[in-house]
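Novice: Dropping in my_file27.tsv, which is TSV, C-alpha atoms:
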chain	number	residue	atom	x	y	z
A	85	MET	CA	-25.21	-0.37	16.65
A	86	LYS	CA	-22.99	2.65	17.29
A	87	ARG	CA	-20.13	1.60	15.05
A	88	GLN	CA	-19.37	3.14	11.69
A	89	VAL	CA	-20.84	1.66	8.53
A	90	THR	CA	-19.62	2.01	4.96
A	91	LEU	CA	-22.31	3.68	2.86
A	92	ILE	CA	-22.67	3.80	-0.89
A	93	ALA	CA	-24.79	6.49	-2.54
A	94	THR	CA	-25.42	5.25	-6.07
A	95	ALA	CA	-25.57	7.80	-8.87
A	96	ALA	CA	-26.39	8.02	-12.56
A	97	MET	CA	-23.32	8.28	-14.80
A	98	GLY	CA	-22.09	11.86	-14.86
A	99	LEU	CA	-23.73	12.85	-11.56
A	100	GLU	CA	-21.21	11.30	-9.16
A	101	SER	CA	-19.52	14.64	-8.35
A	102	VAL	CA	-22.91	16.29	-7.67
A	103	VAL	CA	-23.86	13.47	-5.26
A	104	ALA	CA	-20.42	13.72	-3.57
A	105	ARG	CA	-20.93	17.46	-3.06
A	106	GLU	CA	-24.34	16.81	-1.48
A	107	VAL	CA	-22.88	14.14	0.85
A	108	LYS	CA	-20.14	16.58	1.97
A	109	GLN	CA	-22.72	19.33	2.54
A	110	LEU	CA	-24.47	16.97	4.99
A	111	GLY	CA	-21.22	16.93	6.98
A	112	TYR	CA	-19.68	13.60	5.90
A	113	GLU	CA	-16.02	13.58	4.99
A	114	ASP	CA	-13.51	11.22	3.39
A	115	VAL	CA	-15.84	10.77	0.43
A	116	GLN	CA	-14.58	8.57	-2.43
A	117	VAL	CA	-16.02	9.07	-5.89
A	118	ASP	CA	-16.19	6.05	-8.17
A	119	ASN	CA	-18.05	5.16	-11.37
A	120	GLY	CA	-21.75	5.29	-10.56
A	121	ARG	CA	-21.24	5.58	-6.81
A	122	VAL	CA	-19.97	7.66	-3.90
A	123	VAL	CA	-18.53	5.77	-0.91
A	124	PHE	CA	-18.11	7.13	2.65
A	125	GLN	CA	-17.98	6.05	6.30
A	126	ALA	CA	-20.53	7.28	8.82
A	127	ASP	CA	-22.67	6.19	11.75
A	128	PRO	CA	-26.21	4.80	11.19
A	129	SER	CA	-27.82	8.25	11.50
A	130	ALA	CA	-26.29	9.04	8.07
A	131	ILE	CA	-28.52	6.36	6.52
A	132	VAL	CA	-31.53	8.34	7.70
A	133	ARG	CA	-30.23	11.80	6.77
A	134	CYS	CA	-28.92	10.76	3.34
A	135	ASN	CA	-32.22	9.11	2.39
A	136	LEU	CA	-34.10	12.23	3.44
A	137	TRP	CA	-31.78	14.86	1.94
A	138	LEU	CA	-29.87	13.59	-1.10
A	139	ARG	CA	-31.56	15.07	-4.17
A	140	THR	CA	-29.39	13.50	-6.88
A	141	ALA	CA	-28.50	10.01	-5.54
A	142	ASP	CA	-30.44	6.93	-6.71
A	143	ARG	CA	-30.16	4.80	-3.54
A	144	ILE	CA	-28.30	4.52	-0.24
A	145	LYS	CA	-26.73	1.12	0.39
A	146	VAL	CA	-24.79	-0.35	3.31
A	147	LEU	CA	-21.66	-2.27	2.32
A	148	VAL	CA	-21.73	-5.52	4.34
A	149	GLY	CA	-18.61	-7.03	2.79
A	150	GLU	CA	-16.22	-7.09	-0.17
A	151	PHE	CA	-13.92	-9.95	-1.25
A	152	LYS	CA	-12.46	-11.79	-4.25
A	153	ALA	CA	-14.22	-14.96	-5.43
A	154	THR	CA	-13.78	-17.07	-8.55
A	155	THR	CA	-15.62	-20.22	-7.38
A	156	PHE	CA	-19.08	-20.80	-5.95
A	157	ASP	CA	-17.45	-22.35	-2.85
A	158	GLU	CA	-15.51	-19.14	-2.20
A	159	LEU	CA	-18.64	-17.07	-2.74
A	160	PHE	CA	-20.60	-19.24	-0.30
A	161	GLU	CA	-17.97	-19.40	2.48
A	162	GLN	CA	-17.02	-15.73	2.39
A	163	THR	CA	-20.67	-14.61	2.30
A	164	LYS	CA	-21.42	-16.90	5.25
A	165	ALA	CA	-18.48	-15.42	7.19
A	166	LEU	CA	-20.08	-11.95	7.22
A	167	PRO	CA	-22.08	-10.74	10.29
A	168	TRP	CA	-25.56	-10.81	8.70
A	169	GLU	CA	-27.24	-11.24	12.09
A	170	THR	CA	-26.23	-7.68	13.07
A	171	TYR	CA	-28.16	-6.32	10.07
A	172	ILE	CA	-31.10	-8.70	9.53
A	173	GLN	CA	-33.45	-9.42	12.40
A	174	GLU	CA	-34.87	-12.85	13.15
A	175	ASN	CA	-37.99	-12.59	10.97
A	176	GLY	CA	-36.43	-10.21	8.38
A	177	GLU	CA	-37.21	-10.70	4.70
A	178	PHE	CA	-34.08	-10.69	2.51
A	179	PRO	CA	-34.56	-11.05	-1.25
A	180	VAL	CA	-31.30	-11.19	-3.22
A	181	ILE	CA	-30.69	-9.40	-6.53
A	182	GLY	CA	-27.46	-9.47	-8.49
A	183	LYS	CA	-25.23	-8.42	-11.37
A	184	SER	CA	-21.92	-9.67	-12.72
A	185	VAL	CA	-19.51	-7.87	-15.06
A	186	LYS	CA	-16.26	-9.29	-16.50
A	187	SER	CA	-16.13	-12.01	-13.82
A	188	THR	CA	-15.51	-15.76	-13.64
A	189	LEU	CA	-18.82	-16.18	-11.79
A	190	TYR	CA	-21.04	-14.88	-14.58
A	191	SER	CA	-24.33	-16.68	-13.88
A	192	VAL	CA	-26.32	-14.10	-11.88
A	193	PRO	CA	-29.18	-16.50	-10.87
A	194	ASP	CA	-26.61	-18.96	-9.48
A	195	CYS	CA	-24.78	-16.22	-7.58
A	196	GLN	CA	-28.06	-14.98	-6.09
A	197	ARG	CA	-29.01	-18.51	-5.04
A	198	ILE	CA	-25.64	-19.16	-3.37
A	199	VAL	CA	-25.65	-15.83	-1.51
A	200	LYS	CA	-29.19	-16.49	-0.30
A	201	LYS	CA	-28.22	-19.97	0.90
A	202	ALA	CA	-25.10	-18.64	2.70
A	203	VAL	CA	-27.07	-15.88	4.49
A	204	VAL	CA	-29.76	-18.42	5.50
A	205	GLU	CA	-27.08	-20.75	6.94
A	206	ARG	CA	-25.43	-17.89	8.85
A	207	LEU	CA	-28.71	-16.61	10.32
A	208	LYS	CA	-29.93	-20.08	11.31
A	209	GLN	CA	-26.63	-20.78	13.02
A	210	LYS	CA	-26.50	-17.43	14.88
A	211	GLN	CA	-30.18	-17.37	15.80
A	212	GLY	CA	-30.31	-21.04	16.80
A	213	ILE	CA	-33.04	-21.88	14.29
A	214	ALA	CA	-33.04	-25.46	13.04
A	215	SER	CA	-35.68	-25.27	10.29
A	216	TRP	CA	-36.77	-22.59	7.82
A	217	LEU	CA	-36.61	-18.82	8.35
A	218	ASP	CA	-39.91	-17.00	8.65
A	219	GLU	CA	-39.10	-13.87	6.52
A	220	SER	CA	-42.38	-12.18	7.44
A	221	GLY	CA	-40.72	-9.04	8.83
A	222	PRO	CA	-39.08	-5.89	7.39
A	223	ARG	CA	-37.41	-6.09	3.99
A	224	HIS	CA	-33.59	-6.04	3.71
A	225	ARG	CA	-32.80	-6.31	0.01
A	226	ILE	CA	-29.33	-7.79	-0.57
A	227	GLU	CA	-27.41	-7.08	-3.76
A	228	VAL	CA	-24.50	-9.23	-4.91
A	229	ALA	CA	-22.46	-7.24	-7.43
A	230	ILE	CA	-19.40	-8.87	-8.99
A	231	LEU	CA	-16.94	-6.76	-10.98
A	232	LYS	CA	-13.70	-8.37	-12.25
A	233	ASP	CA	-14.05	-11.14	-9.62
A	234	THR	CA	-14.48	-8.69	-6.71
A	235	VAL	CA	-17.75	-9.35	-4.89
A	236	SER	CA	-19.58	-6.50	-3.13
A	237	LEU	CA	-22.49	-7.42	-0.87
A	238	THR	CA	-24.79	-4.54	0.04
A	239	LEU	CA	-28.12	-3.91	1.76
A	240	ASP	CA	-30.45	-1.39	0.12
A	241	THR	CA	-31.76	1.04	2.73
A	242	SER	CA	-33.99	3.08	0.41
A	243	GLY	CA	-36.59	0.62	-0.88
A	244	THR	CA	-38.01	2.33	-3.95
A	245	GLY	CA	-35.44	4.54	-5.70
A	246	LEU	CA	-34.86	8.00	-4.25
A	247	HIS	CA	-36.21	9.65	-7.39
A	248	LYS	CA	-39.66	8.55	-6.21
A	249	ARG	CA	-40.39	11.60	-4.04
A	250	GLY	CA	-44.06	10.75	-3.77
A	251	TYR	CA	-45.47	13.84	-5.51
A	252	ARG	CA	-45.91	12.54	-9.05
A	253	VAL	CA	-49.64	12.01	-9.52
A	254	GLY	CA	-49.35	12.15	-13.31
A	255	GLN	CA	-46.67	12.23	-15.99
A	256	GLY	CA	-46.14	12.57	-19.72
A	257	GLU	CA	-44.64	10.17	-22.24
A	258	ALA	CA	-40.97	10.60	-21.30
A	259	PRO	CA	-40.74	12.15	-17.83
A	260	ILE	CA	-37.32	13.19	-16.57
A	261	LYS	CA	-36.29	11.56	-13.28
A	262	GLU	CA	-36.57	13.81	-10.26
A	263	THR	CA	-32.91	13.12	-9.38
A	264	LEU	CA	-31.71	14.31	-12.81
A	265	ALA	CA	-34.02	17.36	-12.69
A	266	ALA	CA	-32.56	18.31	-9.29
A	267	ALA	CA	-29.02	17.83	-10.65
A	268	MET	CA	-29.80	20.13	-13.59
A	269	VAL	CA	-30.72	22.87	-11.10
A	270	LEU	CA	-27.76	22.17	-8.77
A	271	LEU	CA	-25.33	22.34	-11.71
A	272	THR	CA	-26.26	26.00	-12.21
A	273	ASN	CA	-25.50	28.85	-9.80
A	274	TRP	CA	-29.20	29.71	-9.50
A	275	ARG	CA	-30.26	31.12	-6.15
A	276	PRO	CA	-33.84	31.30	-4.80
A	277	ASP	CA	-34.04	35.07	-5.31
A	278	PHE	CA	-33.47	34.73	-9.08
A	279	PRO	CA	-36.31	33.98	-11.54
A	280	LEU	CA	-36.36	30.48	-13.06
A	281	HIS	CA	-38.44	29.29	-16.02
A	282	ASP	CA	-38.88	25.95	-17.81
A	283	PRO	CA	-40.48	26.55	-21.26
A	284	PHE	CA	-40.98	22.80	-21.92
A	285	CYS	CA	-42.18	21.91	-18.42
A	286	GLY	CA	-44.03	18.66	-19.19
A	287	SER	CA	-45.19	17.26	-15.84
A	288	GLY	CA	-43.31	20.04	-14.01
A	289	THR	CA	-40.39	18.10	-12.55
A	290	ILE	CA	-37.60	20.67	-13.04
A	291	ALA	CA	-39.63	23.59	-11.66
A	292	ILE	CA	-40.88	21.49	-8.71
A	293	GLU	CA	-37.35	20.30	-7.84
A	294	ALA	CA	-36.12	23.92	-8.09
A	295	ALA	CA	-38.86	25.03	-5.67
A	296	LEU	CA	-37.91	22.27	-3.19
A	297	ILE	CA	-34.26	23.39	-3.45
A	298	GLY	CA	-35.28	27.05	-3.16
A	299	GLN	CA	-37.16	26.48	0.11
A	300	ASN	CA	-34.64	23.88	1.35
A	301	ILE	CA	-37.30	21.19	1.65
A	302	ALA	CA	-35.87	17.67	2.10
A	303	PRO	CA	-36.84	15.66	-1.01
A	304	GLY	CA	-37.53	12.49	1.00
A	305	PHE	CA	-39.75	14.23	3.57
A	306	ASN	CA	-43.03	12.70	2.34
A	307	ARG	CA	-42.09	9.08	1.63
A	308	GLU	CA	-41.07	5.85	3.31
A	309	PHE	CA	-37.82	3.87	3.27
A	310	ASP	CA	-37.05	0.17	3.89
A	311	ALA	CA	-34.57	1.03	6.67
A	312	GLU	CA	-37.30	2.72	8.74
A	313	ASN	CA	-38.24	-0.73	10.05
A	314	TRP	CA	-34.74	-2.10	10.69
A	315	HIS	CA	-34.08	-3.06	14.31
A	316	TRP	CA	-30.56	-1.59	14.46
A	317	ILE	CA	-31.58	1.90	13.31
A	318	LYS	CA	-33.43	3.32	16.29
A	319	SER	CA	-36.72	5.13	15.65
A	320	ASP	CA	-35.46	8.25	17.45
A	321	LEU	CA	-32.90	8.72	14.64
A	322	TRP	CA	-35.79	9.04	12.18
A	323	GLU	CA	-37.69	11.39	14.50
A	324	LYS	CA	-34.60	13.59	14.97
A	325	ALA	CA	-33.86	13.73	11.25
A	326	LEU	CA	-37.46	14.62	10.39
A	327	GLU	CA	-37.40	17.38	13.03
A	328	GLU	CA	-34.14	18.67	11.54
A	329	ALA	CA	-35.71	18.68	8.05
A	330	GLU	CA	-38.72	20.60	9.36
A	331	ASP	CA	-36.49	23.14	11.13
A	332	LEU	CA	-34.27	23.69	8.08
A	333	ALA	CA	-37.12	24.16	5.60
A	334	ASN	CA	-37.55	27.82	4.67
A	335	TYR	CA	-41.25	28.02	3.77
A	336	ASP	CA	-41.11	31.84	3.81
A	337	GLN	CA	-38.59	32.03	0.99
A	338	GLU	CA	-40.21	33.90	-1.88
A	339	LEU	CA	-39.72	32.23	-5.27
A	340	HIS	CA	-40.13	33.36	-8.88
A	341	ILE	CA	-40.41	29.95	-10.55
A	342	SER	CA	-42.59	29.24	-13.55
A	343	GLY	CA	-43.19	26.50	-16.08
A	344	SER	CA	-44.99	26.48	-19.42
A	345	ASP	CA	-45.88	23.87	-22.01
A	346	ILE	CA	-47.75	23.83	-25.31
A	347	ASP	CA	-49.93	20.94	-24.06
A	348	HIS	CA	-52.64	22.11	-21.64
A	349	LYS	CA	-53.00	18.54	-20.28
A	350	MET	CA	-49.35	18.57	-19.21
A	351	VAL	CA	-49.83	21.95	-17.52
A	352	GLU	CA	-52.74	20.49	-15.51
A	353	ILE	CA	-50.57	17.50	-14.51
A	354	ALA	CA	-47.72	19.86	-13.50
A	355	LYS	CA	-50.16	21.83	-11.32
A	356	ALA	CA	-51.43	18.65	-9.65
A	357	ASN	CA	-47.85	17.39	-9.03
A	358	SER	CA	-46.87	20.75	-7.58
A	359	ILE	CA	-49.81	20.69	-5.14
A	360	GLU	CA	-48.99	17.08	-4.19
A	361	ALA	CA	-45.39	18.21	-3.46
A	362	GLY	CA	-46.84	20.66	-0.92
A	363	LEU	CA	-45.94	23.73	-2.97
A	364	GLY	CA	-49.51	24.95	-3.45
A	365	GLU	CA	-49.53	27.99	-5.77
A	366	LEU	CA	-45.80	28.64	-5.35
A	367	VAL	CA	-44.96	27.77	-8.97
A	368	ASN	CA	-46.68	29.67	-11.76
A	369	TRP	CA	-47.87	27.34	-14.57
A	370	ARG	CA	-49.07	28.44	-18.02
A	371	GLN	CA	-50.11	26.82	-21.27
A	372	MET	CA	-48.01	28.54	-23.90
A	373	GLN	CA	-45.87	27.82	-26.94
A	374	VAL	CA	-42.17	28.67	-26.68
A	375	ALA	CA	-42.39	31.59	-29.14
A	376	ASP	CA	-44.83	33.39	-26.80
A	377	TRP	CA	-42.55	33.31	-23.76
A	378	ASN	CA	-41.39	36.81	-22.88
A	379	PRO	CA	-39.26	37.15	-19.72
A	380	LYS	CA	-40.42	40.10	-17.61
A	381	GLN	CA	-37.49	40.14	-15.16
A	382	ASP	CA	-33.70	40.30	-15.57
A	383	ASN	CA	-30.99	37.85	-14.48
A	384	GLY	CA	-33.17	34.76	-14.80
A	385	TYR	CA	-32.40	31.12	-15.41
A	386	MET	CA	-34.02	29.06	-18.15
A	387	ILE	CA	-33.57	25.35	-17.30
A	388	SER	CA	-35.27	22.81	-19.53
A	389	ASN	CA	-35.39	19.30	-20.93
A	390	PRO	CA	-37.10	19.93	-24.30
A	391	PRO	CA	-38.17	17.25	-26.81
A	392	TYR	CA	-35.12	15.73	-28.53
A	393	GLY	CA	-36.67	15.03	-31.93
A	394	GLU	CA	-35.71	11.35	-31.67
A	395	ARG	CA	-38.57	10.45	-34.01
A	396	LEU	CA	-37.77	11.78	-37.48
A	397	GLY	CA	-41.28	13.13	-37.99
A	398	ASP	CA	-40.96	15.33	-34.87
A	399	ARG	CA	-37.60	16.77	-35.82
A	400	PRO	CA	-38.61	19.87	-37.86
A	401	GLU	CA	-40.98	21.03	-35.11
A	402	VAL	CA	-38.37	20.45	-32.39
A	403	GLU	CA	-35.67	22.30	-34.37
A	404	LYS	CA	-38.05	25.22	-34.91
A	405	ALA	CA	-38.64	25.38	-31.13
A	406	TYR	CA	-34.85	25.41	-30.51
A	407	LYS	CA	-34.54	28.36	-32.95
A	408	GLU	CA	-37.34	30.26	-31.22
A	409	LEU	CA	-35.78	29.64	-27.82
A	410	GLY	CA	-32.36	30.82	-29.03
A	411	SER	CA	-33.92	33.99	-30.42
A	412	ILE	CA	-35.72	34.79	-27.12
A	413	MET	CA	-32.55	34.19	-25.11
A	414	LYS	CA	-30.56	36.43	-27.50
A	415	ASP	CA	-33.04	39.24	-26.73
A	416	ASN	CA	-32.58	38.63	-22.98
A	417	PRO	CA	-28.78	38.57	-22.54
A	418	SER	CA	-28.99	38.78	-18.73
A	419	TRP	CA	-30.65	35.34	-18.66
A	420	SER	CA	-28.62	32.13	-18.35
A	421	GLY	CA	-29.81	29.09	-20.33
A	422	TYR	CA	-29.42	25.40	-19.49
A	423	ILE	CA	-30.73	22.81	-21.94
A	424	LEU	CA	-30.54	19.01	-21.83
A	425	THR	CA	-30.92	17.27	-25.20
A	426	SER	CA	-29.56	14.38	-27.25
A	427	HIS	CA	-29.96	16.39	-30.49
A	428	GLU	CA	-26.41	16.78	-31.79
A	429	GLY	CA	-27.26	19.82	-33.90
A	430	PHE	CA	-28.77	21.74	-30.98
A	431	GLU	CA	-26.25	24.62	-30.97
A	432	THR	CA	-26.75	25.20	-34.71
A	433	PHE	CA	-30.52	25.64	-34.33
A	434	TYR	CA	-30.23	27.58	-31.06
A	435	GLY	CA	-27.86	29.92	-32.87
A	436	LYS	CA	-25.01	29.98	-30.37
A	437	GLN	CA	-22.26	27.76	-29.04
A	438	ALA	CA	-22.61	26.78	-25.39
A	439	THR	CA	-20.32	28.36	-22.78
A	440	LYS	CA	-19.93	24.85	-21.34
A	441	LYS	CA	-21.19	21.34	-22.12
A	442	ARG	CA	-21.53	18.37	-19.81
A	443	LYS	CA	-22.31	14.76	-20.76
A	444	LEU	CA	-25.25	13.32	-18.82
A	445	PHE	CA	-27.53	10.32	-19.22
A	446	ASN	CA	-31.30	10.75	-19.26
A	447	GLY	CA	-32.20	7.13	-18.54
A	448	PHE	CA	-30.30	5.25	-21.26
A	449	ILE	CA	-30.17	8.25	-23.61
A	450	LYS	CA	-26.79	9.94	-23.91
A	451	THR	CA	-27.37	13.70	-23.75
A	452	ASP	CA	-25.44	16.94	-23.49
A	453	TYR	CA	-26.23	19.61	-20.93
A	454	TYR	CA	-25.71	22.88	-22.83
A	455	GLN	CA	-24.90	25.78	-20.52
A	456	TYR	CA	-25.12	29.45	-21.56
A	457	PHE	CA	-24.02	31.98	-18.96
A	458	GLY	CA	-25.96	35.24	-18.98
A	459	LYS	CA	-24.43	38.71	-18.61
A	460	HIS	CA	-25.82	39.70	-15.22
A	461	ILE	CA	-27.06	43.25	-15.02
Represent the structure contained in this file as structure tokens.
Specialist:
Amino acid sequence: MKRQVTLIATAAMGLESVVAREVKQLGYEDVQVDNGRVVFQADPSAIVRCNLWLRTADRIKVLVGEFKATTFDELFEQTKALPWETYIQENGEFPVIGKSVKSTLYSVPDCQRIVKKAVVERLKQKQGIASWLDESGPRHRIEVAILKDTVSLTLDTSGTGLHKRGYRVGQGEAPIKETLAAAMVLLTNWRPDFPLHDPFCGSGTIAIEAALIGQNIAPGFNREFDAENWHWIKSDLWEKALEEAEDLANYDQELHISGSDIDHKMVEIAKANSIEAGLGELVNWRQMQVADWNPKQDNGYMISNPPYGERLGDRPEVEKAYKELGSIMKDNPSWSGYILTSHEGFETFYGKQATKKRKLFNGFIKTDYYQYFGKHI
């Protein structure tokens, strides 16, 4: 299949522009940014490269068709009219998931059932199969998404979400997603030759993502994707893209990245995750409380997702840590600080108003990304 496909890179709310920038950096143009997604046209090799390289997208989907439907008959007929046989091979497995927002067809289980039935009918007809479909082959997960009576039918190329890089061997209570951690780094103007520290490192995600960015290592390099087994995406496209990723990685890039946490168990987990990510001893991990952090170099970047104090009992301790952090950063004016928290009084305790603020979602928690620009020496 040499023709162009329409691809959708899904994104967490607030990260669409970051995902769009990444897509453009991979060389794809005419990129449209929408709520929760970035849409662009490309050939099938983009499916491979985007899955391997996009650090901040959630999934890569192929748009099979889009149409208006207000009755189940319309949904069935228009789904059946789409060329499913060019995407799903004879023994392909195709589970259907769905969602419906502000639409006449509001029953998601019914919509899923009808889409499944329509795809089955189309495939049986095109493949000349009279009875049931085998579905023992590669997975092609279909999503039916209906918004204000417009139906979008997509195929998920990623399989498990792209935040699953494959390096997390352990995690804490509330780990930050790898995609959000990468976005936090990409939203700064940090470069690999600058120091970077996370004083609330938890399982190490921000520092690990920064190291992968610093050495230009493709985040999807060590995992698998559903589309790897699709008949219309030739295996040489995967081989070429993996070779490209290997060639572009800069393993010689020296980094000054460190992470610390008050909990020694979390520091051990961060170390293990870092080794699993193939970074070895590249990141420096320490058990330490915030008050003991003392930057030794100038022009550094502090990027962190500290506790939010969501539980009332934790709040005094969290607010004390914010104060200590603010005091350290005040004594190191060449450092830039980037903090993600849902605590609305953060600036008061930190002791300074942010240069810039950006609304982001950490899972379902509405947060602010407080940005303090350092005075570079």
Novice: Counting only C-alpha atoms, which residues in segment 182-282 of chain A sit no more than 6 Å from segment 150-162 of chain A? For each one, give the nearest pair of atoms and the distance in Å, sorted by chain then residue number, as a tab-separated table.
Specialist:
residue	atom	partner	partner_atom	distance
A:Thr188	CA	A:Thr154	CA	5.5
A:Ile198	CA	A:Phe160	CA	5.9
A:Ala202	CA	A:Phe160	CA	5.4
A:Asp233	CA	A:Lys152	CA	5.6
A:Thr234	CA	A:Lys152	CA	4.4
A:Val235	CA	A:Phe151	CA	5.3
A:Ser236	CA	A:Glu150	CA	4.5
Novice: Can you pull out every residue within 9 Å of His348 of chain A, counting all atoms listed in the file, but drop anything in the same chain fewer than 5 positions away, and send it as number ranges by chain?
Specialist: A: 353, 370-372
Novice: Considering all atoms listed in the file, return as a list in words whatever protein or nucleic-acid residues lie within 9 Å of Ile423 of chain A, sequence-local ones (same chain, fewer than 2 positions apart) excluded.
Specialist: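 Near neighbours after the sequence-gap exclusion: Met268, Met386, Ile387, Ser388, Asn389, Pro390, Gly421, Thr425, Asp452, Tyr453, Tyr454, Gln455 and Tyr456 of chain A.
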Novice: In Å, how far is it from atom CA of Ala267 of chain A to atom CA of Glu293 of chain A?
Specialist: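 According to the coordinates, atom CA of Ala267 of chain A and atom CA of Glu293 of chain A are separated by 9.1 Å.
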Novice: What lies within 10 Å of segment 400-402 of chain A using all atoms listed in the file, ignoring chain neighbours under 4 positions off, as a list in words?
Specialist: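 The filter keeps Pro390, Pro391, Tyr392, Gly393, Glu394, Leu396, Tyr406, Lys407, Glu408, His427, Phe430 and Phe433 of chain A.
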Novice: Of the candidates A:Asn416, A:Thr263, A:Asn273, A:Gln88, which shows the shortest atom-to-atom distance to Arg249 of chain A, using all atoms listed in the file?
Specialist: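 Among the listed residues, A:Thr263 lies closest to Arg249 of chain A.
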Novice: As an exercise, work out the distance from atom CA of Leu217 of chain A to atom CA of Val204 of chain A in Å and give it to one decimal place.
Specialist: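 Distance between the two atoms: 7.4 Å.
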Novice: What's the separation between atom CA of Ile230 of chain A and atom CA of Ser184 of chain A, in Å to one decimal place?
Specialist: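 One can read the atom CA of Ile230 of chain A to atom CA of Ser184 of chain A distance as 4.6 Å.
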Novice: Could you add N, CA and C atoms to segment 405-422 of chain A and give me the result as a short mmCIF file (atom, residue, chain, number, x, y, z; two decimals), keeping the file's coordinate frame?
Specialist:
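Contents of part_5.cif, as written:
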data_model
loop_
_atom_site.label_atom_id
_atom_site.label_comp_id
_atom_site.auth_asym_id
_atom_site.auth_seq_id
_atom_site.Cartn_x
_atom_site.Cartn_y
_atom_site.Cartn_z
N ALA A 405 -38.54 24.94 -32.53
CA ALA A 405 -38.64 25.38 -31.13
C ALA A 405 -37.27 25.79 -30.58
N TYR A 406 -36.21 25.05 -30.94
CA TYR A 406 -34.85 25.41 -30.51
C TYR A 406 -34.48 26.80 -31.04
N LYS A 407 -34.83 27.05 -32.31
CA LYS A 407 -34.54 28.36 -32.95
C LYS A 407 -35.25 29.49 -32.20
N GLU A 408 -36.54 29.25 -31.92
CA GLU A 408 -37.34 30.26 -31.22
C GLU A 408 -36.77 30.56 -29.84
N LEU A 409 -36.35 29.49 -29.16
CA LEU A 409 -35.78 29.64 -27.82
C LEU A 409 -34.48 30.45 -27.89
N GLY A 410 -33.63 30.11 -28.85
CA GLY A 410 -32.36 30.82 -29.03
C GLY A 410 -32.58 32.30 -29.28
N SER A 411 -33.60 32.60 -30.08
CA SER A 411 -33.92 33.99 -30.42
C SER A 411 -34.39 34.77 -29.18
N ILE A 412 -35.24 34.15 -28.36
CA ILE A 412 -35.72 34.79 -27.12
C ILE A 412 -34.56 35.05 -26.17
N MET A 413 -33.68 34.04 -26.04
CA MET A 413 -32.55 34.19 -25.11
C MET A 413 -31.56 35.26 -25.59
N LYS A 414 -31.44 35.40 -26.92
CA LYS A 414 -30.56 36.43 -27.50
C LYS A 414 -31.08 37.83 -27.12
N ASP A 415 -32.41 37.95 -27.09
CA ASP A 415 -33.04 39.24 -26.73
C ASP A 415 -33.02 39.50 -25.23
N ASN A 416 -32.62 38.48 -24.45
CA ASN A 416 -32.58 38.63 -22.98
C ASN A 416 -31.19 38.20 -22.48
N PRO A 417 -30.16 38.99 -22.82
CA PRO A 417 -28.78 38.57 -22.54
C PRO A 417 -28.44 38.40 -21.06
N SER A 418 -29.29 38.94 -20.16
CA SER A 418 -28.99 38.78 -18.73
C SER A 418 -29.43 37.40 -18.22
N TRP A 419 -30.18 36.67 -19.05
CA TRP A 419 -30.65 35.34 -18.66
C TRP A 419 -29.60 34.29 -18.98
N SER A 420 -29.48 33.30 -18.10
CA SER A 420 -28.62 32.13 -18.35
C SER A 420 -29.52 31.00 -18.84
N GLY A 421 -29.01 30.20 -19.77
CA GLY A 421 -29.81 29.09 -20.33
C GLY A 421 -29.14 27.75 -20.11
N TYR A 422 -29.93 26.76 -19.73
CA TYR A 422 -29.42 25.40 -19.49
C TYR A 422 -30.37 24.42 -20.15
#
